[in-house]
Every structure is written in C-alpha cells, then in structure tokens.
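This is upload-v9.tsv. It holds TSV, C-alpha atoms (C1' of nucleotides).
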chain	number	residue	atom	x	y	z
A	1	MET	CA	-13.87	-21.30	-14.03
A	2	PRO	CA	-15.70	-24.56	-13.54
A	3	PRO	CA	-13.85	-26.54	-10.93
A	4	PRO	CA	-13.13	-29.82	-12.68
A	5	GLU	CA	-12.08	-33.07	-11.11
A	6	ARG	CA	-9.42	-32.85	-8.48
A	7	PRO	CA	-7.19	-35.72	-7.58
A	8	GLY	CA	-6.18	-35.69	-3.97
A	9	ASP	CA	-3.43	-33.21	-3.58
A	10	ASP	CA	-3.30	-30.55	-0.97
A	11	ARG	CA	0.25	-30.45	0.04
A	12	PRO	CA	1.42	-26.98	0.93
A	13	GLN	CA	4.06	-26.85	-1.71
A	14	LEU	CA	6.16	-23.82	-2.33
A	15	PRO	CA	5.56	-22.01	-5.57
A	16	HIS	CA	7.87	-23.20	-8.29
A	17	SER	CA	11.40	-22.19	-7.82
A	18	LEU	CA	10.55	-19.05	-5.95
A	19	ALA	CA	11.74	-20.80	-2.86
A	20	GLY	CA	14.51	-22.70	-4.56
A	21	ALA	CA	12.48	-25.77	-5.36
A	22	PRO	CA	13.09	-27.54	-8.65
A	23	PRO	CA	10.76	-26.68	-11.51
A	24	ASN	CA	8.38	-29.46	-10.70
A	25	GLU	CA	4.77	-29.57	-11.72
A	26	ILE	CA	2.33	-27.21	-10.12
A	27	ASP	CA	-1.40	-27.58	-9.91
A	28	PRO	CA	-2.80	-25.23	-12.53
A	29	ARG	CA	-5.87	-24.72	-10.39
A	30	VAL	CA	-3.75	-23.41	-7.61
A	31	GLU	CA	-1.89	-21.20	-10.01
A	32	GLU	CA	-5.14	-19.88	-11.37
A	33	LEU	CA	-6.51	-19.24	-7.92
A	34	VAL	CA	-3.35	-17.49	-6.89
A	35	ASN	CA	-3.63	-15.26	-9.90
A	36	GLN	CA	-7.26	-14.51	-9.27
A	37	LEU	CA	-6.52	-13.96	-5.66
A	38	ILE	CA	-3.67	-11.63	-6.28
A	39	ALA	CA	-5.70	-9.83	-8.88
A	40	ARG	CA	-8.52	-9.49	-6.42
A	41	VAL	CA	-6.32	-8.27	-3.67
A	42	ALA	CA	-4.65	-5.97	-6.13
A	43	ASP	CA	-7.69	-3.90	-6.91
A	44	LYS	CA	-7.14	-1.15	-4.51
A	45	TRP	CA	-10.35	-1.65	-2.58
A	46	THR	CA	-10.21	-5.23	-1.40
A	47	MET	CA	-7.28	-4.77	0.91
A	48	LEU	CA	-8.70	-1.55	2.26
A	49	VAL	CA	-12.00	-3.23	2.99
A	50	LEU	CA	-10.17	-6.11	4.56
A	51	GLU	CA	-8.30	-3.72	6.78
A	52	ALA	CA	-11.36	-1.77	7.73
A	53	LEU	CA	-13.21	-4.92	8.66
A	54	ALA	CA	-10.24	-6.26	10.54
A	55	GLU	CA	-9.97	-3.05	12.50
A	56	HIS	CA	-13.59	-2.39	13.20
A	57	GLY	CA	-15.13	-5.80	13.17
A	58	GLU	CA	-18.67	-6.19	11.94
A	59	THR	CA	-19.54	-3.04	10.08
A	60	ARG	CA	-22.45	-1.72	8.10
A	61	PHE	CA	-22.29	-0.70	4.49
A	62	THR	CA	-22.47	3.03	4.90
A	63	ARG	CA	-19.98	3.08	7.72
A	64	LEU	CA	-17.66	0.97	5.64
A	65	SER	CA	-17.93	3.41	2.78
A	66	ARG	CA	-16.81	6.12	5.16
A	67	LEU	CA	-14.00	4.01	6.55
A	68	VAL	CA	-12.66	3.37	3.09
A	69	PRO	CA	-11.91	6.82	1.76
A	70	GLY	CA	-12.79	7.44	-1.84
A	71	VAL	CA	-14.67	4.28	-2.54
A	72	SER	CA	-17.86	4.62	-4.53
A	73	GLN	CA	-20.96	2.67	-3.64
A	74	LYS	CA	-20.64	0.69	-6.78
A	75	MET	CA	-17.08	-0.35	-6.11
A	76	LEU	CA	-17.77	-1.10	-2.48
A	77	THR	CA	-20.70	-3.29	-3.35
A	78	GLN	CA	-18.72	-5.02	-6.03
A	79	THR	CA	-15.77	-5.60	-3.77
A	80	LEU	CA	-17.89	-6.91	-0.95
A	81	ARG	CA	-19.76	-9.25	-3.30
A	82	GLN	CA	-16.57	-10.71	-4.60
A	83	MET	CA	-15.20	-11.13	-1.13
A	84	GLU	CA	-18.40	-12.76	-0.03
A	85	ARG	CA	-18.36	-15.09	-2.96
A	86	ASP	CA	-14.85	-16.14	-2.13
A	87	GLY	CA	-15.83	-16.74	1.46
A	88	LEU	CA	-13.79	-13.89	2.85
A	89	VAL	CA	-16.66	-11.94	4.37
A	90	VAL	CA	-20.06	-12.76	5.73
A	91	ARG	CA	-22.97	-10.56	4.78
A	92	THR	CA	-25.75	-10.41	7.30
A	93	VAL	CA	-29.02	-8.82	6.29
A	94	HIS	CA	-31.31	-7.67	9.06
A	95	PRO	CA	-34.78	-7.44	7.57
A	96	VAL	CA	-35.58	-4.14	9.16
A	97	VAL	CA	-37.16	-1.20	7.59
A	98	PRO	CA	-34.30	1.01	6.64
A	99	PRO	CA	-32.09	-1.78	5.40
A	100	LYS	CA	-29.38	-2.91	7.74
A	101	VAL	CA	-26.61	-5.03	6.36
A	102	GLU	CA	-23.50	-5.94	8.25
A	103	TYR	CA	-20.27	-7.31	6.98
A	104	ARG	CA	-17.51	-9.08	8.80
A	105	LEU	CA	-14.50	-11.12	7.98
A	106	THR	CA	-14.58	-14.88	8.08
A	107	ILE	CA	-11.65	-16.81	9.42
A	108	LEU	CA	-10.71	-17.35	5.82
A	109	GLY	CA	-10.67	-13.62	5.28
A	110	GLN	CA	-8.61	-13.09	8.37
A	111	SER	CA	-6.15	-15.75	7.34
A	112	LEU	CA	-5.80	-14.15	3.95
A	113	GLY	CA	-4.93	-10.91	5.63
A	114	ALA	CA	-2.40	-12.75	7.70
A	115	ALA	CA	-0.96	-14.40	4.62
A	116	PHE	CA	-0.35	-11.02	3.13
A	117	CYS	CA	1.61	-10.02	6.15
A	118	GLY	CA	4.67	-11.45	4.49
A	119	VAL	CA	4.28	-9.00	1.67
A	120	TRP	CA	3.65	-6.20	4.08
A	121	ILE	CA	6.72	-7.00	6.05
A	122	TRP	CA	8.73	-7.24	2.88
A	123	ALA	CA	7.51	-3.82	1.88
A	124	GLU	CA	8.42	-2.32	5.22
A	125	GLN	CA	11.84	-3.89	5.22
A	126	ASN	CA	12.61	-3.04	1.63
A	127	LEU	CA	10.92	0.30	1.26
A	128	ALA	CA	14.22	2.14	1.26
A	129	ALA	CA	15.77	-0.25	-1.22
A	130	VAL	CA	12.91	0.11	-3.65
A	131	GLU	CA	12.90	3.86	-3.37
A	132	ALA	CA	16.63	3.99	-3.89
A	133	ALA	CA	16.36	1.76	-6.92
A	134	ARG	CA	13.69	3.99	-8.36
A	135	ARG	CA	15.70	7.11	-7.79
A	136	GLY	CA	18.70	5.52	-9.45
A	137	PHE	CA	16.65	4.35	-12.37
A	138	ASP	CA	14.99	7.69	-12.84
A	139	LEU	CA	18.26	9.59	-12.69
A	140	ARG	CA	20.39	7.63	-15.07
A	141	GLY	CA	18.52	6.26	-18.06
A	142	SER	CA	17.31	2.74	-17.98
A	143	THR	CA	20.61	1.43	-19.33
A	144	LYS	CA	23.34	0.43	-17.02
A	145	GLN	CA	25.83	-2.28	-16.49
A	146	ASP	CA	25.72	-4.69	-13.65
B	1	MET	CA	-13.01	-16.80	16.26
B	2	PRO	CA	-11.36	-13.57	15.19
B	3	PRO	CA	-7.92	-13.46	16.77
B	4	PRO	CA	-8.41	-10.50	19.07
B	5	GLU	CA	-5.87	-8.54	21.02
B	6	ARG	CA	-2.63	-10.38	21.43
B	7	PRO	CA	-0.21	-8.92	23.93
B	8	GLY	CA	3.47	-9.67	23.63
B	9	ASP	CA	3.57	-10.90	20.10
B	10	ASP	CA	6.99	-12.28	19.31
B	11	ARG	CA	6.53	-12.42	15.59
B	12	PRO	CA	7.44	-9.56	13.27
B	13	GLN	CA	5.02	-6.71	13.25
B	14	LEU	CA	1.88	-7.60	11.39
B	15	PRO	CA	0.12	-5.05	9.25
B	16	HIS	CA	-2.56	-3.04	10.98
B	17	SER	CA	-5.16	-5.09	12.58
B	18	LEU	CA	-5.08	-7.77	9.98
B	19	ALA	CA	-3.53	-9.95	12.59
B	20	GLY	CA	-5.25	-8.46	15.56
B	21	ALA	CA	-2.94	-5.58	16.26
B	22	PRO	CA	-4.47	-2.35	17.50
B	23	PRO	CA	-5.10	0.32	14.88
B	24	ASN	CA	-1.77	1.94	15.52
B	25	GLU	CA	-0.28	4.32	13.03
B	26	ILE	CA	1.25	2.99	9.91
B	27	ASP	CA	3.74	4.64	7.66
B	28	PRO	CA	1.73	5.91	4.70
B	29	ARG	CA	4.77	5.40	2.50
B	30	VAL	CA	4.79	1.75	3.36
B	31	GLU	CA	1.11	1.54	2.70
B	32	GLU	CA	1.53	3.17	-0.65
B	33	LEU	CA	4.39	0.89	-1.53
B	34	VAL	CA	2.41	-2.13	-0.54
B	35	ASN	CA	-0.41	-1.03	-2.75
B	36	GLN	CA	1.85	-0.34	-5.67
B	37	LEU	CA	3.60	-3.58	-5.05
B	38	ILE	CA	0.46	-5.59	-4.93
B	39	ALA	CA	-0.82	-3.82	-7.99
B	40	ARG	CA	2.39	-4.57	-9.77
B	41	VAL	CA	2.41	-8.17	-8.75
B	42	ALA	CA	-1.21	-8.36	-9.74
B	43	ASP	CA	-0.70	-7.57	-13.36
B	44	LYS	CA	-0.53	-11.03	-14.66
B	45	TRP	CA	2.92	-10.73	-16.17
B	46	THR	CA	5.13	-9.69	-13.28
B	47	MET	CA	4.77	-12.87	-11.32
B	48	LEU	CA	5.22	-14.98	-14.42
B	49	VAL	CA	8.39	-13.14	-15.29
B	50	LEU	CA	9.56	-13.48	-11.73
B	51	GLU	CA	8.97	-17.19	-11.88
B	52	ALA	CA	10.66	-17.60	-15.21
B	53	LEU	CA	13.71	-15.72	-14.02
B	54	ALA	CA	13.75	-17.62	-10.77
B	55	GLU	CA	13.64	-20.91	-12.62
B	56	HIS	CA	16.01	-20.17	-15.43
B	57	GLY	CA	18.34	-17.59	-14.02
B	58	GLU	CA	19.74	-14.95	-16.28
B	59	THR	CA	17.69	-14.96	-19.44
B	60	ARG	CA	17.53	-12.99	-22.65
B	61	PHE	CA	14.54	-11.05	-23.80
B	62	THR	CA	13.39	-13.34	-26.56
B	63	ARG	CA	13.83	-16.47	-24.52
B	64	LEU	CA	11.87	-14.85	-21.74
B	65	SER	CA	9.07	-14.04	-24.12
B	66	ARG	CA	8.93	-17.73	-24.97
B	67	LEU	CA	9.07	-18.77	-21.36
B	68	VAL	CA	6.15	-16.56	-20.49
B	69	PRO	CA	3.36	-17.85	-22.67
B	70	GLY	CA	1.16	-15.24	-24.24
B	71	VAL	CA	3.10	-12.16	-23.34
B	72	SER	CA	3.53	-9.55	-26.02
B	73	GLN	CA	6.78	-7.75	-26.57
B	74	LYS	CA	5.21	-4.57	-25.39
B	75	MET	CA	3.99	-6.02	-22.14
B	76	LEU	CA	7.21	-7.88	-21.51
B	77	THR	CA	9.24	-4.76	-22.01
B	78	GLN	CA	6.93	-2.77	-19.83
B	79	THR	CA	6.95	-5.35	-17.11
B	80	LEU	CA	10.71	-5.70	-17.15
B	81	ARG	CA	11.18	-1.94	-17.05
B	82	GLN	CA	8.98	-1.62	-14.05
B	83	MET	CA	10.73	-4.45	-12.32
B	84	GLU	CA	14.07	-2.94	-13.13
B	85	ARG	CA	12.99	0.42	-11.82
B	86	ASP	CA	11.93	-1.16	-8.58
B	87	GLY	CA	15.23	-2.94	-8.30
B	88	LEU	CA	13.78	-6.40	-8.78
B	89	VAL	CA	15.73	-7.29	-11.89
B	90	VAL	CA	19.04	-6.30	-13.39
B	91	ARG	CA	19.21	-5.56	-17.06
B	92	THR	CA	22.54	-6.20	-18.67
B	93	VAL	CA	23.13	-4.90	-22.15
B	94	HIS	CA	25.94	-6.48	-24.11
B	95	PRO	CA	26.93	-4.01	-26.81
B	96	VAL	CA	27.13	-6.61	-29.53
B	97	VAL	CA	25.76	-6.38	-32.96
B	98	PRO	CA	22.49	-8.21	-32.76
B	99	PRO	CA	21.45	-6.77	-29.46
B	100	LYS	CA	21.92	-9.01	-26.48
B	101	VAL	CA	20.18	-8.10	-23.26
B	102	GLU	CA	20.01	-10.33	-20.27
B	103	TYR	CA	17.76	-10.09	-17.28
B	104	ARG	CA	18.10	-11.64	-13.90
B	105	LEU	CA	16.57	-11.26	-10.51
B	106	THR	CA	18.24	-9.24	-7.83
B	107	ILE	CA	18.22	-10.46	-4.28
B	108	LEU	CA	15.43	-7.99	-3.77
B	109	GLY	CA	13.47	-9.66	-6.53
B	110	GLN	CA	14.13	-13.07	-5.10
B	111	SER	CA	13.06	-11.97	-1.67
B	112	LEU	CA	9.86	-10.56	-3.06
B	113	GLY	CA	9.12	-13.91	-4.60
B	114	ALA	CA	9.77	-15.50	-1.28
B	115	ALA	CA	7.51	-13.01	0.45
B	116	PHE	CA	4.70	-14.02	-1.83
B	117	CYS	CA	5.14	-17.61	-0.88
B	118	GLY	CA	2.85	-16.96	2.04
B	119	VAL	CA	0.08	-16.03	-0.31
B	120	TRP	CA	0.81	-18.99	-2.48
B	121	ILE	CA	0.67	-21.34	0.44
B	122	TRP	CA	-2.54	-19.76	1.59
B	123	ALA	CA	-4.02	-20.32	-1.84
B	124	GLU	CA	-2.97	-23.93	-1.88
B	125	GLN	CA	-4.27	-24.59	1.57
B	126	ASN	CA	-7.54	-22.79	1.04
B	127	LEU	CA	-8.26	-23.62	-2.53
B	128	ALA	CA	-10.97	-26.03	-1.59
B	129	ALA	CA	-12.54	-23.59	0.85
B	130	VAL	CA	-12.68	-20.82	-1.69
B	131	GLU	CA	-14.12	-23.06	-4.33
B	132	ALA	CA	-16.72	-24.34	-1.91
B	133	ALA	CA	-17.63	-20.80	-0.93
B	134	ARG	CA	-18.03	-19.87	-4.55
B	135	ARG	CA	-20.21	-22.84	-5.29
B	136	GLY	CA	-22.38	-22.04	-2.31
B	137	PHE	CA	-22.63	-18.41	-3.29
B	138	ASP	CA	-23.47	-19.21	-6.87
B	139	LEU	CA	-26.13	-21.73	-5.94
B	140	ARG	CA	-28.08	-19.85	-3.33
B	141	GLY	CA	-28.39	-16.14	-3.86
B	142	SER	CA	-26.00	-13.83	-2.18
B	143	THR	CA	-28.12	-13.63	0.94
B	144	LYS	CA	-27.54	-15.96	3.79
B	145	GLN	CA	-27.17	-16.01	7.48
B	146	ASP	CA	-23.99	-16.87	9.24
C	1	DA	C1'	-47.04	15.63	2.65
C	2	DT	C1'	-42.34	15.76	2.34
C	3	DC	C1'	-37.78	14.44	3.61
C	4	DT	C1'	-34.15	11.47	5.08
C	5	DA	C1'	-31.59	7.18	5.66
C	6	DC	C1'	-30.11	2.76	3.92
C	7	DG	C1'	-28.22	-0.41	0.67
C	8	DC	C1'	-28.17	-1.10	-3.08
C	9	DT	C1'	-28.85	-1.36	-8.81
C	10	DC	C1'	-28.70	0.59	-13.43
C	11	DT	C1'	-27.11	3.36	-17.03
C	12	DC	C1'	-23.93	6.39	-19.15
C	13	DT	C1'	-19.43	8.34	-19.75
C	14	DT	C1'	-14.59	8.51	-19.09
C	15	DT	C1'	-10.30	6.52	-18.12
C	16	DT	C1'	-7.16	2.94	-18.11
C	17	DT	C1'	-5.22	-1.06	-19.87
C	18	DA	C1'	-3.97	-4.46	-23.06
C	19	DG	C1'	-3.26	-6.28	-27.68
C	20	DT	C1'	-1.74	-5.84	-32.76
C	21	DA	C1'	1.13	-4.68	-35.98
C	22	DA	C1'	4.51	-2.09	-38.03
C	23	DG	C1'	8.96	0.25	-37.84
C	24	DT	C1'	14.20	0.75	-36.45
C	25	DA	C1'	19.21	-0.23	-36.41
C	26	DT	C1'	22.99	-3.16	-37.58
C	27	DA	C1'	25.91	-6.87	-39.01
C	28	DA	C1'	26.33	-11.44	-40.32
C	29	DA	C1'	24.64	-15.06	-43.29
C	30	DT	C1'	22.82	-16.41	-47.84
D	1	DA	C1'	20.94	-7.63	-52.54
D	2	DT	C1'	18.04	-9.67	-49.55
D	3	DT	C1'	17.02	-11.98	-45.45
D	4	DT	C1'	17.51	-12.94	-40.49
D	5	DA	C1'	17.96	-12.09	-35.72
D	6	DT	C1'	17.63	-9.10	-31.66
D	7	DA	C1'	15.42	-5.88	-28.58
D	8	DC	C1'	12.95	-2.86	-28.57
D	9	DT	C1'	9.45	1.69	-29.64
D	10	DT	C1'	5.45	3.80	-31.45
D	11	DA	C1'	0.81	4.33	-33.18
D	12	DC	C1'	-3.62	2.54	-33.37
D	13	DT	C1'	-7.49	-0.06	-31.68
D	14	DA	C1'	-10.32	-2.83	-28.73
D	15	DA	C1'	-11.77	-4.13	-24.37
D	16	DA	C1'	-12.15	-3.73	-19.54
D	17	DA	C1'	-12.53	-1.12	-15.49
D	18	DA	C1'	-13.86	2.70	-12.90
D	19	DG	C1'	-16.55	6.88	-11.75
D	20	DA	C1'	-20.88	9.78	-11.72
D	21	DG	C1'	-25.27	10.01	-10.78
D	22	DA	C1'	-30.09	8.88	-10.87
D	23	DG	C1'	-33.57	5.69	-9.11
D	24	DC	C1'	-35.95	2.48	-5.74
D	25	DG	C1'	-38.69	0.97	-1.72
D	26	DT	C1'	-40.21	1.81	2.75
D	27	DA	C1'	-40.74	3.62	7.37
D	28	DG	C1'	-40.06	6.88	10.70
D	29	DA	C1'	-39.23	11.83	11.67
D	30	DT	C1'	-40.67	16.58	10.75
Could you render the structure as structure tokens?
Amino acid sequence: MPPPERPGDDRPQLPHSLAGAPPNEIDPRVEELVNQLIARVADKWTMLVLEALAEHGETRFTRLSRLVPGVSQKMLTQTLRQMERDGLVVRTVHPVVPPKVEYRLTILGQSLGAAFCGVWIWAEQNLAAVEAARRGFDLRGSTKQD
Amino acid sequence: MPPPERPGDDRPQLPHSLAGAPPNEIDPRVEELVNQLIARVADKWTMLVLEALAEHGETRFTRLSRLVPGVSQKMLTQTLRQMERDGLVVRTVHPVVPPKVEYRLTILGQSLGAAFCGVWIWAEQNLAAVEAARRGFDLRGSTKQD
DNA sequence: ATCTACGCTCTCTTTTTAGTAAGTATAAAT
DNA sequence: ATTTATACTTACTAAAAAGAGAGCGTAGAT
C-alpha cells in the first residue's frame, strides 16, 4: 500500500457508529491500517510474541522460539519481520560468531499491547456470556426467535 | 521506556505483562477466547458486518450484503452464523413467504465493537508512526541498530 | 576432523480459506 | 407458464497460508 498524500487529520475519532457516532466519513487509510493491524494481530503468533517480549524483555531468537510454544522458525521469523517493519519490535544484531540477535518491543509495540487490553478485558468479562451463547446455539438449531 | 512494574494499579486488570504486570497466571479459557475472538474479528468480514449493523440497526440479509461491499453470500452467511453462535447478533426469522430474516447486534456485540475502539484509536493515533516505520524498513534493509 | 549452536532462508507439501456458481423452496406478480 | 425475490446450501476450484525439513556459514568445543 503506497501511502499517498495525507491532508492533516489525526484526530482520535471513534470508529464509525461503533461508539454511537453518526456515520460520518472515516479515513480509508486508517480503516486499512486497522484491518491490516487486526489481521496481523490475529495470526496466532503475533500476540504470543508480543506477550513473550513484554514478559521477558529483550530476548534472543531461539529463546523466543521456546517461549512461544509450537511456533516454527519460519513463522517466528516471519512474525518478527512483520512486527519490525511495523515498528513494533527492534531487532538488534550483535556481529558475533555464533549469531546473536535480540528482539524487544518498542514503545509502539507496548502501546499496541495496551490497546488490546480493552479486548482482553472484554473477553474476560464476557467469557461466560459467549460460552453460554455457544452452548445455546449448539443445542437448539441455529433458528430461534428473539 | 518500557513501563515496568507498577504497584497499586487502579485500572482494570491488564493482560499479562503487556502493561507491565507480573507474569501471573491467566485463565487459559480467557486466552483461548481472546485468540478466537481476535481471529474472528480478523477475518475481514466480521468487523464490516459489525459496523454495518451498528450503523443501520436491524437489517435483512440482502441489504446487509449490499452494505458490506464485496462479501459473497457464502461468507456473509458464515460470518453471521459465527457471530450468532457467539451471541453477537440476533437472527430473527419471519416465517413469511419470500423469506425474511433480520439481523441485529446484541448488547454483547455492541460492547465488542466498543472494546475494539481502543485498537481503532491506537491505529488512528499511530498511523503515521507505523507508516514511517515501514518506509524506514523498506528503504534500509531489515538490519539496524536501536 | 567432527560436532554443535545460532539465526536464519529455501523449497516442497499439506492444509486452510475464500470465491464462483449453481441449486432449492415458495408465493406473488406478470 | 414463467419470472422474481429471498435466504440460504452445496459442490467445485483457486489461492493463500502454514508446516516440515534441509541447508548455510563460522567459530569454538570435543
């Protein structure tokens, strides 16, 4: 996505009517970034890497691969590259003989983690409701009246 | 720079150490739900449907398919079913002769949208930073010092 | 001399996901 | 009699993503 011209607008506006706002115009670039962002965070590894780095601070590749259970080297590399590209992590290469590469979160990365706290809290608060809804749905067929 | 240990935090419990909390135990069910949730929200349709329903209120299937540009019937059905199963939308079938089915958000669905506002706001506030990071990454190779 | 560790990259295969298009039922409209 | 509208479902196909596993370069340990 080539970032085209951008007229000065960086007001923290709430998304659409999700917060009750009228259906006013939204910056398509923001929308696109949000989608990319969510998509990125959605692939099961990014959040796990984010957590691992948040918990353990600067961490080397191999250790990270052990901290994130089940991740393959390929996926870990890929995830870290994406995160680095987006400015979420810093990759520090120490030019020593067995390679030593350390990763740590940037403030941006940390703030993204914090931003997702809302979702996390939602999940904790509504876990029971979601599970109940699923049970109900799975028991009776999908059809029901309100 | 990283927000380290923070005793006596008055805010709601933040996930893991993403906000500097110690690596205390987390309910694996919550973690799983969060992952599912994020994955669900990540598929490009769920959020769009959520938005459309938030903006337009109770809406019929066909209208919804027009409100969400590019969605196929299959994907829309799938998305709505998942959302219904999770208790995010209510599906009301009117047993009339050309089928009439209406969908609307539950409070749960609305609150999920609200929960994601944090991410949206983050994206808006950090759009420039992410784009700058990407430009930097794409220009110079991936290697750099902090 | 061989082996191990590290942080990858590359290729190949398998799995998952998404899109397309057709089919279904029914009653009213033409 | 045929067409239209609605809300799907199903089968098929194409594309994307993920996993497995080998290879690489070098230096220190054995």
Nearby residues (only C-alpha atoms (C1' of nucleotides)) at most 10 Å from Lys74 (chain A), same-chain spacing under 5 positions excluded, as a VMD selection string | (chain A and resid 79 to 80) or (chain C and resid 8 to 9) or (chain D and resid 18 to 19)
Go through chain D residue by residue and, counting all atoms listed in the file, keep those with an atom at most 8 Å from chain B; for each kept residue give the shortest atom pair and its distance in Å to one decimal, ordered by chain and increasing number, as CSV.
residue,atom,partner,partner_atom,distance
D:DA5,C1',B:Pro98,CA,6.7
D:DT6,C1',B:Pro99,CA,5.0
D:DA7,C1',B:Pro99,CA,6.2
D:DC8,C1',B:Thr77,CA,7.8
Write the residues of the preceding selection, restricted to C-alpha atoms (C1' of nucleotides), as a PDB file, keeping the file's coordinate frame.
ATOM      1  C1'  DA D   5      17.960 -12.090 -35.720  1.00  0.00           C
ATOM      2  C1'  DT D   6      17.630  -9.100 -31.660  1.00  0.00           C
ATOM      3  C1'  DA D   7      15.420  -5.880 -28.580  1.00  0.00           C
ATOM      4  C1'  DC D   8      12.950  -2.860 -28.570  1.00  0.00           C
TER       5       DC D   8
END
Would you kindly report the residues of chain C within 12 Å of chain A, using only C-alpha atoms (C1' of nucleotides), as a PyMOL selection string?
-> chain C and resi 4-10
When you draw a straight line from CA of Val90 (chain A) to CA of Glu102 (chain A), how long is it in Å?
->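 Rounded to one decimal, the two atoms are 8.0 Å apart.
Here C1' of DG19 (chain C) is placed at a distance of 18.0 Å from CA of Leu48 (chain B).
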Compile the contact shell of DC3 (chain C) as a ChimeraX atom specification: residues with an atom at most 12 Å away, counting all atoms listed in the file, same-chain residues fewer than 4 positions apart removed.
-> /D:27-30
Name the residues within 9 Å of (14.8, 1.8, -36.0), counting only C-alpha atoms (C1' of nucleotides) in the file's coordinates, and put them as a ChimeraX atom specification.
-> /C:23-25 /D:8-9
Return as lines of an AutoDock Vina configuration file the centre and edge lengths, in Å with one decimal, of the box along x, y and z that encloses every atom of region 16-19 of chain C in the file, padded by 3 Å per side.
center_x = -5.2
center_y = -1.7
center_z = -22.9
size_x = 9.9
size_y = 15.2
size_z = 15.6
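As for C1' of DA1 (chain D) and C1' of DT26 (chain C), they are spaced 15.7 Å apart.
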Leaving out Leu105 (chain B) and any residue of its chain fewer than 4 positions from it, which residues lie within 6 Å of it when counting only C-alpha atoms (C1' of nucleotides), given as a ChimeraX atom specification?
-> /B:88-89,109
With C-alpha atoms retained, write the just-selected residues as a PDB file, in the coordinates of the input.
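Result file is again-v4.pdb:
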ATOM      1  CA  LEU B  88      13.780  -6.400  -8.780  1.00  0.00           C
ATOM      2  CA  VAL B  89      15.730  -7.290 -11.890  1.00  0.00           C
ATOM      3  CA  GLY B 109      13.470  -9.660  -6.530  1.00  0.00           C
TER       4      GLY B 109
END
Surrounding residues of region 31-41 of chain A excluding itself and chain neighbours under 2 positions, 7 Å, only C-alpha atoms (C1' of nucleotides), as a list of chain:residue names = A:Asp27, A:Pro28, A:Arg29, A:Asp43, A:Thr46, A:Met47, B:Ala42, B:Trp120, B:Ala123
Could you write out that same residue set with C-alpha atoms as a tab-separated table (two decimals), in the frame of the given file?
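The resulting file, selection.tsv, is shown below:
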chain	number	residue	atom	x	y	z
A	27	ASP	CA	-1.40	-27.58	-9.91
A	28	PRO	CA	-2.80	-25.23	-12.53
A	29	ARG	CA	-5.87	-24.72	-10.39
A	43	ASP	CA	-7.69	-3.90	-6.91
A	46	THR	CA	-10.21	-5.23	-1.40
A	47	MET	CA	-7.28	-4.77	0.91
B	42	ALA	CA	-1.21	-8.36	-9.74
B	120	TRP	CA	0.81	-18.99	-2.48
B	123	ALA	CA	-4.02	-20.32	-1.84
Best match for closeness to chain A among B:Leu53, B:Ala115, B:Ile26, B:Val68, counting only C-alpha atoms |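 Answer, going by the shortest atom-to-atom distance: B:Ala115.
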Rank nothing, just name the residue among A:Val130, A:Met83, A:Met75, A:Val49 nearest to chain B, using only C-alpha atoms.
-> A:Val130
Choose the residue, out of B:Arg140, B:Lys44, B:Arg66, B:Arg104, that has the smallest atom-to-atom separation from chain A; count all atoms listed in the file.
-> B:Lys44
